[in-house]
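Student: This is final_39.csv (CSV, C-alpha atoms).
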```
chain,number,residue,atom,x,y,z
U,1,GLN,CA,7.4,8.5,-14.0
U,2,VAL,CA,5.8,9.7,-10.8
U,3,GLN,CA,7.6,10.0,-7.5
U,4,VAL,CA,6.1,7.7,-4.9
U,5,VAL,CA,6.7,8.3,-1.2
U,6,GLU,CA,5.6,6.0,1.6
U,7,SER,CA,5.4,6.8,5.2
U,8,GLY,CA,3.9,5.5,8.5
U,9,GLY,CA,5.7,2.3,9.1
U,10,GLY,CA,7.2,1.4,12.5
U,11,LEU,CA,6.9,-1.0,15.4
U,12,ALA,CA,3.6,-2.2,16.7
U,13,PRO,CA,2.7,-5.0,19.2
U,14,PRO,CA,0.6,-8.0,18.1
U,15,GLY,CA,-3.0,-6.9,17.9
U,16,GLY,CA,-1.9,-3.3,17.3
U,17,SER,CA,-2.5,-1.0,14.4
U,18,LEU,CA,-0.6,1.2,12.0
U,19,ARG,CA,-1.5,3.4,9.1
U,20,LEU,CA,0.6,3.6,6.0
U,21,SER,CA,0.5,6.5,3.5
U,22,CYS,CA,1.5,6.6,-0.1
U,23,ARG,CA,1.7,9.9,-1.8
U,24,ALA,CA,2.1,10.2,-5.6
U,25,ALA,CA,1.6,13.8,-6.6
U,26,SER,CA,0.3,13.9,-10.2
U,27,PRO,CA,-2.5,15.5,-12.0
U,28,TYR,CA,-3.4,12.0,-13.2
U,29,PHE,CA,-3.7,10.6,-9.6
U,30,ASN,CA,-7.4,9.9,-9.9
U,31,MET,CA,-6.6,7.6,-12.8
U,32,PHE,CA,-4.0,5.5,-10.9
U,33,THR,CA,-4.4,2.1,-9.6
U,34,MET,CA,-2.7,2.1,-6.1
U,35,ALA,CA,-1.4,-1.0,-4.6
U,36,TRP,CA,0.5,-2.1,-1.5
U,37,TYR,CA,2.9,-5.0,-1.6
U,38,ARG,CA,5.1,-6.4,1.1
U,39,GLN,CA,8.4,-8.3,1.2
U,40,ALA,CA,9.8,-10.2,4.2
U,41,PRO,CA,13.5,-11.3,4.3
U,42,GLY,CA,14.1,-14.1,1.9
U,43,LEU,CA,10.7,-14.1,0.4
U,44,GLN,CA,9.1,-12.7,-2.7
U,45,ARG,CA,7.2,-9.4,-2.9
U,46,ASP,CA,3.5,-10.1,-2.7
U,47,MET,CA,0.5,-7.9,-3.2
U,48,VAL,CA,-1.4,-7.1,0.0
U,49,ALA,CA,-4.1,-4.7,-1.3
U,50,GLN,CA,-5.1,-2.7,-4.3
U,51,ILE,CA,-7.6,0.0,-5.1
U,52,THR,CA,-8.5,1.1,-8.6
U,53,ALA,CA,-9.5,4.5,-9.9
U,54,ARG,CA,-13.1,3.4,-9.5
U,55,ARG,CA,-12.3,2.4,-5.9
U,56,THR,CA,-12.7,-1.3,-6.4
U,57,THR,CA,-10.6,-3.0,-3.8
U,58,THR,CA,-8.8,-6.3,-3.7
U,59,TYR,CA,-7.0,-8.0,-0.7
U,60,ALA,CA,-4.7,-10.9,-0.2
U,61,ASP,CA,-6.5,-13.7,1.8
U,62,SER,CA,-4.0,-13.3,4.6
U,63,VAL,CA,-5.1,-9.7,5.4
U,64,LYS,CA,-8.8,-9.7,4.6
U,65,GLY,CA,-10.8,-8.3,7.5
U,66,ARG,CA,-7.7,-6.8,9.1
U,67,PHE,CA,-6.3,-4.3,6.5
U,68,THR,CA,-8.2,-1.6,4.7
U,69,ILE,CA,-7.0,0.3,1.6
U,70,SER,CA,-8.4,3.7,0.8
U,71,ARG,CA,-7.5,6.8,-1.3
U,72,ASP,CA,-7.9,10.5,-1.1
U,73,ASN,CA,-7.6,11.9,-4.6
U,74,ALA,CA,-7.5,15.5,-3.3
U,75,LYS,CA,-4.4,14.7,-1.3
U,76,TYR,CA,-2.8,12.5,-4.0
U,77,THR,CA,-2.5,9.8,-1.3
U,78,ALA,CA,-3.5,6.2,-0.7
U,79,TYR,CA,-3.6,4.7,2.7
U,80,LEU,CA,-3.3,1.2,4.2
U,81,GLN,CA,-4.9,0.8,7.6
U,82,LEU,CA,-3.3,-2.2,9.4
U,83,ASP,CA,-5.3,-3.6,12.3
U,84,SER,CA,-5.1,-6.7,14.4
U,85,LEU,CA,-1.4,-7.0,13.4
U,86,LYS,CA,0.4,-10.3,13.6
U,87,PRO,CA,4.1,-11.1,13.8
U,88,GLU,CA,3.9,-12.5,10.3
U,89,ASP,CA,2.9,-9.1,9.0
U,90,THR,CA,6.4,-8.0,9.6
U,91,ALA,CA,7.9,-6.9,6.3
U,92,VAL,CA,8.9,-3.9,4.1
U,93,TYR,CA,5.7,-2.5,2.6
U,94,TYR,CA,6.0,-1.0,-0.8
U,95,CYS,CA,3.5,1.2,-2.7
U,96,LYS,CA,3.0,0.6,-6.4
U,97,VAL,CA,1.4,3.2,-8.7
U,98,THR,CA,0.0,2.0,-12.0
U,99,LEU,CA,-1.5,3.8,-15.0
U,100,ARG,CA,-2.0,1.5,-18.0
U,101,GLU,CA,1.4,-0.1,-18.8
U,102,SER,CA,3.4,2.3,-16.7
U,103,TYR,CA,4.2,1.9,-13.0
U,104,SER,CA,6.4,3.3,-10.3
U,105,TRP,CA,7.5,1.9,-6.9
U,106,GLY,CA,8.1,3.7,-3.7
U,107,GLN,CA,11.2,3.1,-1.6
U,108,GLY,CA,9.4,1.0,1.0
U,109,THR,CA,8.6,1.4,4.7
U,110,GLN,CA,9.4,-1.1,7.4
U,111,VAL,CA,6.6,-2.6,9.5
U,112,THR,CA,7.7,-4.7,12.5
U,113,VAL,CA,5.1,-6.5,14.7
U,114,SER,CA,6.7,-7.6,18.0
U,115,SER,CA,6.0,-7.5,21.7
```
With the file now loaded, output its structure as structure tokens.
Tutor:
Amino acid sequence: QVQVVESGGGLAPPGGSLRLSCRAASPYFNMFTMAWYRQAPGLQRDMVAQITARRTTTYADSVKGRFTISRDNAKYTAYLQLDSLKPEDTAVYYCKVTLRESYSWGQGTQVTVSS
């Protein structure tokens, strides 16, 4: 099981930006599917964006055109660029690392969008 560490959350105003990072140091990193999920209080955890080993990306409809997922295999890190933030983006954001049937979660990072 790989250790997954997220960073980069915080407070941003509506219309602002944040960049989240997810590091998963492993010699198999280039084979991982990396995904970001989020969970607001009282709601289920939903997928926000995903990038495969071949760099195919998928986004939730609610974030298309505003969020961008990317990866840097040399740094064992995936990123989620959050632009044009809305109050409804407020949630704990979790990184999920998947390789075939195995997966690991990070501890989560809080994103709060408020003026």
Student: Can you list, as a list in words, every protein, DNA or RNA residue that comes within 8 Å of U:Val97 when you count only C-alpha atoms, leaving out same-chain residues fewer than 6 positions away?
Tutor: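 Close residues of U:Val97: Val4, Ala24, Phe32, Thr33, Met34, Ala35, Tyr103, Ser104 and Trp105 of chain U.
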Student: The selected residues should be written to file as a compact mmCIF listing (two decimals), in the frame of the given file (atoms: C-alpha atoms).
Tutor:
```
# COMPACT_ATOMS: atom_id res chain seq x y z
CA VAL U 4 6.10 7.70 -4.90
CA ALA U 24 2.10 10.20 -5.60
CA PHE U 32 -4.00 5.50 -10.90
CA THR U 33 -4.40 2.10 -9.60
CA MET U 34 -2.70 2.10 -6.10
CA ALA U 35 -1.40 -1.00 -4.60
CA TYR U 103 4.20 1.90 -13.00
CA SER U 104 6.40 3.30 -10.30
CA TRP U 105 7.50 1.90 -6.90
```
Student: At a cut-off of 7 Å, using only C-alpha atoms, what residues contact stretch 84-95 of chain U? Leave out same-chain residues fewer than 6 positions from it and give the result as a CSV table (one decimal) with C-alpha atoms, keeping the file's coordinate frame.
Tutor:
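Dumped to around.csv:
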```csv
chain,number,residue,atom,x,y,z
U,6,GLU,CA,5.6,6.0,1.6
U,14,PRO,CA,0.6,-8.0,18.1
U,15,GLY,CA,-3.0,-6.9,17.9
U,16,GLY,CA,-1.9,-3.3,17.3
U,17,SER,CA,-2.5,-1.0,14.4
U,22,CYS,CA,1.5,6.6,-0.1
U,35,ALA,CA,-1.4,-1.0,-4.6
U,36,TRP,CA,0.5,-2.1,-1.5
U,37,TYR,CA,2.9,-5.0,-1.6
U,38,ARG,CA,5.1,-6.4,1.1
U,39,GLN,CA,8.4,-8.3,1.2
U,40,ALA,CA,9.8,-10.2,4.2
U,66,ARG,CA,-7.7,-6.8,9.1
U,105,TRP,CA,7.5,1.9,-6.9
U,106,GLY,CA,8.1,3.7,-3.7
U,107,GLN,CA,11.2,3.1,-1.6
U,108,GLY,CA,9.4,1.0,1.0
U,109,THR,CA,8.6,1.4,4.7
U,110,GLN,CA,9.4,-1.1,7.4
U,111,VAL,CA,6.6,-2.6,9.5
U,112,THR,CA,7.7,-4.7,12.5
U,113,VAL,CA,5.1,-6.5,14.7
U,114,SER,CA,6.7,-7.6,18.0
```
Student: So which residues fall inside 8 Å of (-10.4, 6.8, -10.3) if we count all atoms listed in the file? Mind giving them as a CSV table (one decimal) with C-alpha atoms, in the coordinates of the input?
Tutor:
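As written to disk, point-v9.csv reads:
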```csv
chain,number,residue,atom,x,y,z
U,29,PHE,CA,-3.7,10.6,-9.6
U,30,ASN,CA,-7.4,9.9,-9.9
U,31,MET,CA,-6.6,7.6,-12.8
U,32,PHE,CA,-4.0,5.5,-10.9
U,33,THR,CA,-4.4,2.1,-9.6
U,52,THR,CA,-8.5,1.1,-8.6
U,53,ALA,CA,-9.5,4.5,-9.9
U,54,ARG,CA,-13.1,3.4,-9.5
U,55,ARG,CA,-12.3,2.4,-5.9
```
Student: Can you sort out the box for stretch 79-98 of chain U, edges along x, y and z, all listed atoms in, 8 Å on every side, with centre and edge lengths in Å to one decimal, as JSON?
Tutor:
```
{"center_x": 1.8, "center_y": -3.9, "center_z": 1.2, "size_x": 30.2, "size_y": 33.2, "size_z": 42.4}
```
Student: Taking all atoms listed in the file into account, which of U:Ser26, U:Gly42, U:Ser21, U:Arg100 comes nearest U:Thr68?
Tutor: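 Of the candidates, the smallest distance to U:Thr68 is held by U:Ser21.
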Student: Atom CA of U:Lys96 and atom CA of U:Tyr59 are how many Å apart?
Tutor: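 These two atoms are separated by 14.4 Å.
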Student: Of the residues U:Asp46, U:Pro27, U:Val63, U:Arg19, which is the one nearest to U:Val2, using all atoms listed in the file?
Tutor: U:Pro27
Student: Counting only C-alpha atoms, which residue out of U:Val5, U:Ala12, U:Leu18, U:Leu99 sits closest to U:Phe67?
Tutor: U:Leu18
Student: What does the distance from atom CA of U:Leu80 to atom CA of U:Ala49 come to in Å, to one decimal?
Tutor: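 Distance between the two atoms: 8.1 Å.
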